[in-house]
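What follows is the content of model-v6.cif, which has mmCIF, C-alpha atoms:
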```cif
data_query
#
loop_
_atom_site.label_atom_id
_atom_site.label_comp_id
_atom_site.auth_asym_id
_atom_site.auth_seq_id
_atom_site.Cartn_x
_atom_site.Cartn_y
_atom_site.Cartn_z
CA MET D 317 0.00 0.00 0.00
CA THR D 318 1.28 3.47 -0.87
CA THR D 319 -1.23 5.48 1.16
CA ASN D 320 -1.07 6.82 4.71
CA LEU D 321 -4.71 6.03 5.35
CA PRO D 322 -5.16 3.73 8.36
CA ILE D 323 -5.84 0.02 8.38
CA LEU D 324 -9.35 -0.50 9.75
CA VAL D 325 -9.82 -3.50 12.04
CA ALA D 326 -13.28 -4.80 12.96
CA HIS D 327 -13.16 -6.06 16.55
CA ASP D 328 -15.88 -7.78 18.58
CA GLY D 329 -13.83 -9.30 21.38
CA SER D 330 -13.68 -12.76 19.80
CA ALA D 331 -10.56 -14.87 19.36
CA GLU D 332 -10.92 -14.45 15.59
CA ALA D 333 -10.98 -10.67 15.97
CA GLY D 334 -7.84 -10.90 18.09
CA ARG D 335 -6.14 -12.86 15.32
CA ALA D 336 -7.21 -10.18 12.83
CA LEU D 337 -5.82 -7.46 15.11
CA ARG D 338 -2.41 -9.15 15.27
CA TRP D 339 -2.36 -9.59 11.50
CA ALA D 340 -3.29 -5.93 11.02
CA ALA D 341 -0.53 -4.85 13.43
CA THR D 342 2.05 -6.68 11.33
CA GLU D 343 0.65 -5.15 8.15
CA SER D 344 0.68 -1.71 9.75
CA LEU D 345 4.36 -1.95 10.58
CA ARG D 346 5.15 -3.29 7.12
CA ALA D 347 3.25 -0.55 5.29
CA HIS D 348 4.00 2.25 7.79
CA VAL D 349 0.36 3.19 8.27
CA PRO D 350 -1.69 3.66 11.46
CA VAL D 351 -4.31 1.25 12.81
CA ARG D 352 -7.92 2.17 13.51
CA VAL D 353 -9.94 -0.35 15.52
CA LEU D 354 -13.73 -0.14 15.31
CA MET D 355 -16.08 -1.90 17.72
CA VAL D 356 -19.76 -1.88 16.85
CA ASP D 357 -22.66 -2.75 19.14
CA GLU D 358 -24.89 -4.43 16.58
CA VAL D 359 -28.50 -3.29 16.34
CA LEU D 360 -30.72 -6.07 15.00
CA PRO D 361 -34.12 -5.19 13.52
CA PRO D 362 -37.25 -6.21 15.41
CA PRO D 363 -38.49 -9.72 14.58
CA TRP D 364 -41.44 -8.27 12.64
CA GLY D 365 -39.11 -6.32 10.36
CA GLY D 366 -38.66 -2.62 9.92
CA ALA D 367 -37.07 0.02 7.76
CA ASN D 368 -33.44 -0.27 6.78
CA GLY D 369 -30.97 2.01 8.48
CA TRP D 370 -28.58 2.03 11.37
CA ALA D 371 -30.65 3.91 13.94
CA PRO D 372 -32.23 1.77 16.71
CA MET D 373 -36.00 1.46 16.52
CA ALA D 374 -38.75 0.24 18.78
CA GLY D 375 -38.36 -3.50 19.23
CA SER D 376 -34.75 -3.54 18.02
CA LEU D 377 -32.25 -5.78 19.77
CA GLN D 378 -28.89 -4.27 20.65
CA VAL D 379 -26.02 -6.77 20.81
CA PRO D 380 -23.12 -5.10 22.66
CA VAL D 381 -19.49 -5.91 21.96
CA GLY D 382 -18.91 -6.69 25.63
CA ASP D 383 -16.95 -5.02 28.40
CA TYR D 384 -15.94 -2.10 26.21
CA PRO D 385 -13.48 -0.25 28.55
CA SER D 386 -11.63 -3.47 29.37
CA LEU D 387 -11.55 -4.53 25.72
CA VAL D 388 -10.19 -1.15 24.66
CA ASP D 389 -7.37 -1.47 27.18
CA ASP D 390 -6.56 -4.97 25.92
CA VAL D 391 -6.54 -3.83 22.28
CA ARG D 392 -4.32 -0.84 22.96
CA LYS D 393 -1.89 -2.96 24.95
CA GLU D 394 -1.69 -5.61 22.26
CA LEU D 395 -0.99 -3.01 19.58
CA ALA D 396 1.63 -1.28 21.74
CA ASP D 397 3.31 -4.60 22.51
CA ALA D 398 3.43 -5.28 18.76
CA GLY D 399 5.14 -1.93 18.20
CA VAL D 400 2.16 -0.06 16.72
CA LEU D 401 2.18 3.35 18.36
CA ASP D 402 -0.16 5.19 15.98
CA ALA D 403 -3.53 3.61 16.77
CA THR D 404 -7.07 4.65 17.68
CA VAL D 405 -9.95 2.62 19.08
CA GLN D 406 -13.52 3.71 18.38
CA HIS D 407 -16.94 2.50 19.50
CA ARG D 408 -20.18 2.74 17.51
CA THR D 409 -23.76 1.53 17.77
CA GLY D 410 -25.57 0.51 14.60
CA HIS D 411 -25.52 -2.08 11.85
CA VAL D 412 -22.04 -3.60 11.65
CA VAL D 413 -21.82 -3.62 7.84
CA ASP D 414 -23.01 -0.02 7.48
CA GLU D 415 -20.60 1.25 10.11
CA LEU D 416 -17.64 -0.63 8.66
CA LEU D 417 -18.40 0.49 5.10
CA ARG D 418 -18.63 4.08 6.26
CA ALA D 419 -15.30 3.80 8.08
CA ALA D 420 -13.73 1.99 5.11
CA GLU D 421 -14.16 5.10 2.96
CA SER D 422 -11.20 6.65 4.77
CA SER D 423 -9.13 3.46 5.19
CA SER D 424 -6.38 1.77 3.20
CA MET D 425 -7.61 -1.73 4.09
CA VAL D 426 -10.30 -3.42 6.17
CA VAL D 427 -9.27 -6.40 8.31
CA LEU D 428 -11.65 -8.76 10.10
CA GLY D 429 -11.70 -12.28 11.47
CA SER D 430 -13.21 -15.18 9.59
CA HIS D 431 -16.18 -15.12 11.96
CA GLY D 432 -17.08 -13.51 15.24
CA HIS D 433 -19.36 -14.46 18.07
CA GLY D 434 -22.78 -13.42 19.27
CA ALA D 435 -26.17 -13.42 17.60
CA ALA D 436 -24.92 -13.58 14.02
CA ALA D 437 -21.73 -15.60 14.49
CA GLU D 438 -22.69 -18.50 12.25
CA VAL D 439 -23.44 -16.31 9.24
CA LEU D 440 -20.81 -13.59 9.64
CA ILE D 441 -18.48 -15.00 7.01
CA GLY D 442 -21.42 -15.02 4.61
CA SER D 443 -22.67 -11.57 5.51
CA VAL D 444 -20.18 -9.07 6.92
CA SER D 445 -17.08 -10.23 5.07
CA GLN D 446 -18.95 -10.80 1.82
CA HIS D 447 -20.66 -7.41 2.02
CA LEU D 448 -17.38 -5.65 2.74
CA ALA D 449 -15.54 -7.48 -0.04
CA ARG D 450 -18.39 -6.56 -2.37
CA HIS D 451 -18.81 -2.89 -1.52
CA ALA D 452 -15.74 -1.50 0.28
CA HIS D 453 -13.62 0.86 -1.80
CA CYS D 454 -10.37 -0.61 -0.47
CA PRO D 455 -8.82 -4.07 -0.03
CA VAL D 456 -10.50 -6.39 2.46
CA ALA D 457 -8.55 -8.97 4.47
CA VAL D 458 -10.34 -11.90 6.10
CA VAL D 459 -7.96 -13.45 8.60
CA ARG D 460 -8.05 -17.07 9.68
CA GLU D 461 -5.43 -19.37 11.12
CA GLN D 462 -2.96 -20.84 8.64
CA ARG D 463 -3.17 -24.58 8.21
CA ASP D 464 0.62 -24.58 7.78
CA PRO D 465 2.02 -22.06 10.31
CA ASP D 466 5.47 -22.26 8.69
CA ALA D 467 4.24 -21.44 5.18
CA ARG D 468 5.92 -18.45 3.49
CA ARG D 469 4.05 -18.36 0.18
CA ILE D 470 1.69 -15.67 -1.09
CA VAL D 471 -0.61 -17.27 -3.65
CA VAL D 472 -2.18 -14.91 -6.18
CA GLY D 473 -5.01 -15.83 -8.52
CA ILE D 474 -4.26 -14.67 -12.08
CA ASP D 475 -6.71 -14.46 -14.98
CA GLY D 476 -5.46 -11.47 -16.97
CA SER D 477 -7.95 -8.97 -15.47
CA ARG D 478 -7.06 -5.58 -13.97
CA PRO D 479 -8.07 -6.54 -10.38
CA CYS D 480 -5.83 -9.60 -10.60
CA ALA D 481 -2.95 -7.45 -11.84
CA GLU D 482 -3.42 -5.20 -8.81
CA ALA D 483 -3.55 -8.27 -6.57
CA LEU D 484 -0.21 -9.38 -7.99
CA GLU D 485 1.30 -5.94 -7.39
CA TYR D 486 0.11 -6.02 -3.77
CA ALA D 487 1.67 -9.47 -3.30
CA PHE D 488 5.04 -8.38 -4.70
CA GLU D 489 5.11 -5.21 -2.61
CA ARG D 490 4.34 -7.21 0.49
CA ALA D 491 6.90 -9.90 -0.32
CA GLU D 492 9.66 -7.30 -0.65
CA THR D 493 9.43 -6.62 3.07
CA THR D 494 8.26 -10.02 4.36
CA VAL D 495 10.66 -12.09 2.20
CA GLU D 496 7.86 -14.45 1.24
CA THR D 497 7.63 -16.22 -2.11
CA VAL D 498 4.98 -15.02 -4.55
CA VAL D 499 3.16 -17.81 -6.38
CA ALA D 500 1.15 -16.70 -9.42
CA LEU D 501 -1.53 -19.31 -10.04
CA HIS D 502 -3.63 -19.40 -13.20
CA ALA D 503 -6.38 -22.04 -13.25
CA TRP D 504 -9.27 -22.60 -15.59
CA HIS D 505 -12.27 -24.81 -16.12
CA VAL D 506 -11.64 -27.53 -18.66
CA ARG D 507 -14.54 -27.49 -21.06
CA VAL D 508 -16.05 -30.61 -22.56
CA PRO D 509 -14.92 -31.14 -26.16
CA SER D 510 -17.46 -30.43 -28.86
CA THR D 511 -19.94 -33.19 -29.63
CA ASP D 512 -20.49 -31.79 -33.12
CA VAL D 513 -19.41 -34.59 -35.47
CA TRP D 514 -18.49 -31.96 -38.06
CA ASN D 515 -16.13 -30.21 -35.64
CA ALA D 516 -13.87 -32.42 -33.57
CA GLU D 517 -11.80 -29.48 -32.27
CA PRO D 518 -11.95 -29.22 -28.46
CA ARG D 519 -13.44 -25.99 -27.13
CA SER D 520 -10.85 -25.66 -24.37
CA VAL D 521 -7.90 -23.32 -24.72
CA GLU D 522 -4.60 -25.15 -25.01
CA THR D 523 -2.38 -25.27 -21.94
CA GLU D 524 0.42 -23.53 -23.86
CA GLU D 525 -1.82 -20.54 -24.49
CA ARG D 526 -2.77 -20.40 -20.81
CA GLU D 527 0.88 -20.50 -19.82
CA LEU D 528 1.54 -17.64 -22.26
CA LEU D 529 -1.28 -15.60 -20.71
CA LEU D 530 0.21 -16.18 -17.27
CA ALA D 531 3.71 -15.25 -18.39
CA GLU D 532 2.45 -12.03 -20.00
CA SER D 533 0.39 -11.15 -16.92
CA VAL D 534 3.35 -11.35 -14.55
CA ALA D 535 6.18 -10.07 -16.76
CA GLY D 536 5.90 -6.38 -15.89
CA VAL D 537 5.56 -6.70 -12.14
CA ARG D 538 8.36 -9.29 -11.98
CA ALA D 539 10.68 -6.85 -13.70
CA GLU D 540 9.80 -4.16 -11.12
CA HIS D 541 10.52 -6.50 -8.18
CA PRO D 542 13.50 -8.59 -9.31
CA ASP D 543 14.58 -9.59 -5.80
CA VAL D 544 11.28 -11.26 -4.85
CA ALA D 545 11.26 -15.06 -4.97
CA PHE D 546 8.68 -16.08 -7.54
CA GLU D 547 6.93 -19.15 -8.88
CA GLN D 548 4.16 -19.55 -11.43
CA GLU D 549 1.81 -22.37 -12.26
CA ALA D 550 -0.96 -22.93 -14.80
CA VAL D 551 -3.33 -25.79 -13.99
CA PRO D 552 -6.49 -27.06 -15.74
CA VAL D 553 -8.55 -27.07 -12.55
CA SER D 554 -11.44 -24.86 -11.45
CA PRO D 555 -9.95 -21.56 -10.13
CA ALA D 556 -11.79 -21.71 -6.78
CA ARG D 557 -10.62 -25.26 -6.12
CA ALA D 558 -7.04 -24.55 -7.22
CA LEU D 559 -6.75 -21.50 -4.93
CA ALA D 560 -8.40 -23.26 -1.99
CA ASP D 561 -6.07 -26.24 -2.39
CA ALA D 562 -3.02 -23.97 -2.67
CA SER D 563 -4.05 -22.08 0.47
CA ALA D 564 -3.24 -25.15 2.59
CA GLY D 565 0.45 -24.43 2.04
CA ALA D 566 0.23 -20.64 1.89
CA SER D 567 0.64 -17.75 4.30
CA LEU D 568 -1.76 -15.59 2.28
CA VAL D 569 -4.05 -15.81 -0.74
CA VAL D 570 -4.66 -12.64 -2.75
CA VAL D 571 -7.48 -12.38 -5.29
CA GLY D 572 -9.12 -9.67 -7.32
CA ALA D 573 -12.65 -8.75 -6.37
CA ARG D 574 -13.82 -9.89 -9.77
CA GLY D 575 -12.15 -11.30 -12.83
CA LEU D 576 -12.87 -12.32 -16.38
CA GLY D 577 -15.51 -14.74 -17.51
CA PHE D 578 -19.27 -14.97 -17.52
CA PHE D 579 -19.68 -13.28 -14.13
CA SER D 580 -17.05 -10.56 -14.50
CA GLY D 581 -19.65 -7.84 -13.98
CA LEU D 582 -20.46 -8.90 -10.44
CA LEU D 583 -19.26 -6.71 -7.57
CA LEU D 584 -17.62 -9.81 -6.11
CA GLY D 585 -16.75 -12.67 -8.43
CA SER D 586 -17.75 -16.25 -7.74
CA VAL D 587 -14.11 -17.32 -7.35
CA SER D 588 -13.43 -14.63 -4.74
CA GLN D 589 -16.54 -15.61 -2.82
CA ALA D 590 -15.56 -19.28 -2.82
CA VAL D 591 -12.00 -18.54 -1.69
CA LEU D 592 -13.28 -16.41 1.21
CA HIS D 593 -15.26 -19.42 2.41
CA ARG D 594 -12.79 -22.21 1.78
CA ALA D 595 -9.23 -20.90 2.20
CA ASP D 596 -6.98 -22.32 4.93
CA CYS D 597 -5.08 -19.07 5.47
CA PRO D 598 -5.79 -15.31 5.44
CA VAL D 599 -7.30 -13.92 2.23
CA VAL D 600 -6.99 -10.41 0.82
CA VAL D 601 -9.54 -9.28 -1.77
CA ILE D 602 -8.25 -6.41 -3.93
CA ARG D 603 -10.65 -3.99 -5.58
#
```

For the file at hand, write its structure as structure tokens.
Amino acid sequence: MTTNLPILVAHDGSAEAGRALRWAATESLRAHVPVRVLMVDEVLPPPWGGANGWAPMAGSLQVPVGDYPSLVDDVRKELADAGVLDATVQHRTGHVVDELLRAAESSSMVVLGSHGHGAAAEVLIGSVSQHLARHAHCPVAVVREQRDPDARRIVVGIDGSRPCAEALEYAFERAETTVETVVALHAWHVRVPSTDVWNAEPRSVETEERELLLAESVAGVRAEHPDVAFEQEAVPVSPARALADASAGASLVVVGARGLGFFSGLLLGSVSQAVLHRADCPVVVIR
């Protein structure tokens, strides 16, 4: 990141939020940007429904973060112990997604745990993180424990699109300071060959052409970061599966918010959504 805007961390007192805070602290020191921690007392609509909006209404259920003063002290201490001296902790009441999106407008990145606790814990990964990845105007990091704690590989999904190119740039910039290896992974669905007896040519693109697309996609950024350890791989496997499988041996997966293909117009592509659910390490979605 080349901005001085703060990293925004969503914190609800859960163990997952604590893991996200520690990840954000490391990223803050790497990128030389401050940390802003936001705690939101969720306001749920009344069971009979009601108008959208963050303001509490009659019958609404307020779900507090917890012992706010104690939690603030814990957060500040953890950041200070990590070496982050430029940090603020804020408290809001409202709808979590709305508050985080509003705060994200003046942030360089949003960081949150893979799920929290409380009334909506079971669906948080499908609601808060997905909404933020869809609508935030900055990168969104969803932090979960690495399956392989010793992994030092940043896996980047490549399909030739602009968001994927920006994801690759982020990975290389990060790897310059973390000394991780960047792995550019291009995967694709293998299509069924034509059943037209008059045309026996398979409809799939040849592997050589895919490898050429990958090589062209990474050439420029590799030249700009010659000291970064780098690997590339093109595999005829569904992109979501390939990235999820690669995440088992990765320290981070980086994907563009949307790529090429039939669903390229979506705010969040189907591959990005699947990786957010299935990865075995932190995931950063680049917009």

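Excluding Arg418 of chain D and any residue on its chain fewer than 4 positions from it, the residues at most 12 Å away by all atoms listed in the file are D:Leu324, D:Leu354, D:Trp370, D:Arg408, D:Gly410, D:His411, D:Val412, D:Val413, D:Asp414, D:Ser422, D:Ser423, D:Val426, D:Leu448, D:His451, D:Ala452, D:His453, D:Cys454.
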
Calculate how many Å separate atom CA of Ala449 of chain D from atom CA of Val391 of chain D, rounding to one decimal. 24.3 Å

Excluding Arg392 of chain D and its own-chain neighbours fewer than 2 positions away, which residues fall within 12 Å of it when counting all atoms listed in the file? Please give them as a list in words.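 Once the nearby chain positions are removed, what remains is Gly334, Leu337, Arg338, Ala341, Val351, Arg352, Val353, Pro385, Ser386, Leu387, Val388, Asp389, Asp390, Glu394, Leu395, Ala396, Asp397, Ala398, Gly399, Val400, Leu401, Asp402, Ala403, Thr404, Val405 and Gln406 of chain D.
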
Given the file shown, enumerate the residues that the PyMOL selection byres ((chain D and resi 331) around 12) captures and present them as a PyMOL selection string. chain D and resi 327-330+332-338+428-433+459-461

Given only C-alpha atoms as the counted atoms, nearest of D:Ser424, D:Glu415, D:Lys393, D:Phe546 to Asn320 of chain D: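 Distance minimum relative to Asn320 of chain D lands on D:Ser424.
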
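Relative to atom CA of Gly565 of chain D, atom CA of Ala457 of chain D is found at 18.1 Å.
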
Axis-aligned box over every listed atom of segment 455-474 of chain D, padded by 6 Å per side: centre and edges in Å to one decimal, as AutoDock Vina command-line options?
```
--center_x -2.3 --center_y -14.3 --center_z -0.5 --size_x 28.4 --size_y 32.5 --size_z 35.2
```

Just so the selection is clear, what residues does the PyMOL selection byres ((chain D and resi 570) around 8) cover here, as a PyMOL selection string? chain D and resi 470-473+483-484+487+568-569+571-572+599-602

For C-alpha atoms, I'd like the residues from the last selection saved as an mmCIF file, in the coordinates of the input.
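So the final result, stored in part_16.cif, reads:
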```cif
data_model
loop_
_atom_site.group_PDB
_atom_site.id
_atom_site.type_symbol
_atom_site.label_atom_id
_atom_site.label_comp_id
_atom_site.auth_asym_id
_atom_site.auth_seq_id
_atom_site.Cartn_x
_atom_site.Cartn_y
_atom_site.Cartn_z
ATOM 1 C CA ILE D 470 1.690 -15.670 -1.090
ATOM 2 C CA VAL D 471 -0.610 -17.270 -3.650
ATOM 3 C CA VAL D 472 -2.180 -14.910 -6.180
ATOM 4 C CA GLY D 473 -5.010 -15.830 -8.520
ATOM 5 C CA ALA D 483 -3.550 -8.270 -6.570
ATOM 6 C CA LEU D 484 -0.210 -9.380 -7.990
ATOM 7 C CA ALA D 487 1.670 -9.470 -3.300
ATOM 8 C CA LEU D 568 -1.760 -15.590 2.280
ATOM 9 C CA VAL D 569 -4.050 -15.810 -0.740
ATOM 10 C CA VAL D 571 -7.480 -12.380 -5.290
ATOM 11 C CA GLY D 572 -9.120 -9.670 -7.320
ATOM 12 C CA VAL D 599 -7.300 -13.920 2.230
ATOM 13 C CA VAL D 600 -6.990 -10.410 0.820
ATOM 14 C CA VAL D 601 -9.540 -9.280 -1.770
ATOM 15 C CA ILE D 602 -8.250 -6.410 -3.930
#
```

Quick one: apply the PyMOL selection byres ((chain D and resi 531) around 12) to the file and drop the selected residues here as a PyMOL selection string. chain D and resi 474-476+500-502+524-530+532-539+546-550
